[in-house]
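Undergrad: I am attaching a structure below and will ask some questions about it afterwards.
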Amino acid sequence: MVPIAESGDPRALERWTFALEAMHIPFTLTPAGDENDEVVLWVSREDAARAHRAVVELDLEHAAERARLAPATESPRPAPVEDGAGGVGAELRWSLGAVWLLMVSMLAQTYVPGWEERGILDAAAFQGGELERAITAITLHSSVIHLLANSAFLLIFGVATVRHAGAALAAAVGVGSGALANVVSALAHGAGFRSLGASGATFALLGLAAALAVHRRPRDAVVRWLPAVGAALGLLAFTGVAPQSDLVAHGAGLVLGFACGLGLPRLGQLESARLARLERGVGALTAAVVAGAWLTAMLR
């Protein structure tokens with residue numbers, strides 16, 4: 001949930017809530033916590049832009065009417081929209097941060113002896129108990145071209161998913177689904193198979209973006225959301241089946257990311273403070289899992 005407006009005027013709150021109910025947009029009202037008894041209006045991330053536009057239009061109409069009938073008075077002030085993690089700039093910063101971490105790992109591959117060998121997804125080693133390889137392999141790449149390709153997709157899908165799911169949940173879906181996709185691939189290919197790259201995670205973000213697009217369409221209008229799923233499958237066919245690509249990990253990442261995305265919008269029903277705590281916890285856990293996997297790999 002994100003805040004879209006705040007006011008201490010009961011008439012303004014009545015206008016806003018009436019409009020949101022008419023638009024079938026779920027909302028929550030909470031005290032602002034200051035001394036002027038203002039109330040904050042919260043909606044889910046996917047409804048934030050539409051709800052904020054409705055609130056602004058209502059306030060403009062009300063202000064014009066009051067200016068026509070009486071001397072202007074201070075009107076309720078809409079709060080800035082905090083879409084996703086704080087707008088497009090924040091979304092891009094989070095995505096660039098993930099790309100920067102992949103580049104740091106690439107430098108480690110180049111200059112730290114044994115870095116790649118300890119982290120690569122080696123099916124025989126994985127089946128022998130080195131389970132951390134499913135995670136560490138996500139941060140490794142076979143070449144600069146491989147890194148740049150995955151970074152480009154990560155920027156595209158990262159911005160799209162952080163905008164509607166938040167940075168912590170998007171990162172958790174990417175890492176978790178990418179790791180599970182590597183597990184599926186290692187088990188499917190058997191001993192002798194070796195793989196590395198963030199492709200499974202990027203396809204997980206693609207699946208997540210497709211699922212979030214499904215949620216933004218009316219559930220009874222299948223024709224309206226099929227293009228989102230079709231676009232995801234088309235991109236998988238176009239970029240995920242190159243001769244040296246791991247099609248199993250790509251497909252598994254796409255399916256797992258899509259499945260996670262179908263459940264994420266339900267989190268918007270949580271109370272805002274609880275959701276914020278959940279996101280912080282998920283983000284910290286995701287970072288700890290990746291760091292712990294690498295620590296385990298380097299200490300073996």
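How things are named: the first chain in the structure tokens is A, the next is B, and so on; residues count from 1 in each chain; ligands count from 1 in the order shown.
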As a PyMOL selection string, which residues of range 96-239 of chain A does DSSP assign to strand (DSSP E)?

TA: chain A and resi 121-122+194-195

Undergrad: Report as a PyMOL selection string: the residues of range 95-251 of chain A with a DSSP assignment of alpha helix (DSSP H), based on the backbone of this structure.

TA: chain A and resi 95-111+115-119+123-127+133-136+144-165+167-189+199-215+222-239+247-251

Undergrad: Choose the residue, out of A:Ala249, A:Ala288, A:Ala19, A:Val183, that has the smallest atom-to-atom separation from Ala198 in chain A; count only C-alpha atoms.

TA: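 Once distances to Ala198 in chain A are computed over only C-alpha atoms, the minimum belongs to A:Ala249.
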
Undergrad: Tell me, in Å to one decimal, how far CA of Ala167 in chain A is from CA of Gly200 in chain A.

TA: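 For CA of Ala167 in chain A relative to CA of Gly200 in chain A, the distance reads 18.0 Å.
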
Undergrad: Which residues are near Ala252 in chain A? Cut-off 9 Å, only C-alpha atoms, ignore same chain within fewer than 5 positions. Put them as a ChimeraX atom specification.

TA: /A:177-178,180-182,184-185,200,203-204,247,257

Undergrad: I'd like the interatomic distance between CA of Ala259 in chain A and CA of Ala179 in chain A, to a tenth of an Å.

TA: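 Separation of CA of Ala259 in chain A and CA of Ala179 in chain A: 14.8 Å.
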
Undergrad: From the options A:Ala22, A:Leu264, A:Ala123, A:Leu107, which residue's atoms come nearest to Ser142 in chain A, counting only C-alpha atoms?

TA: A:Leu107

Undergrad: Hey, can you check how far CA of Arg15 in chain A sits from CA of Thr28 in chain A?

TA: 14.3 Å

Undergrad: Quick one: everything within 12 Å of Phe153 in chain A, counting only C-alpha atoms, minus sequence neighbours fewer than 6 positions away in the same chain. Send it as a VMD selection string.

TA: chain A and resid 95 to 96 98 to 99 146 to 147 159 to 161 198 to 206 235 to 236 239 to 240
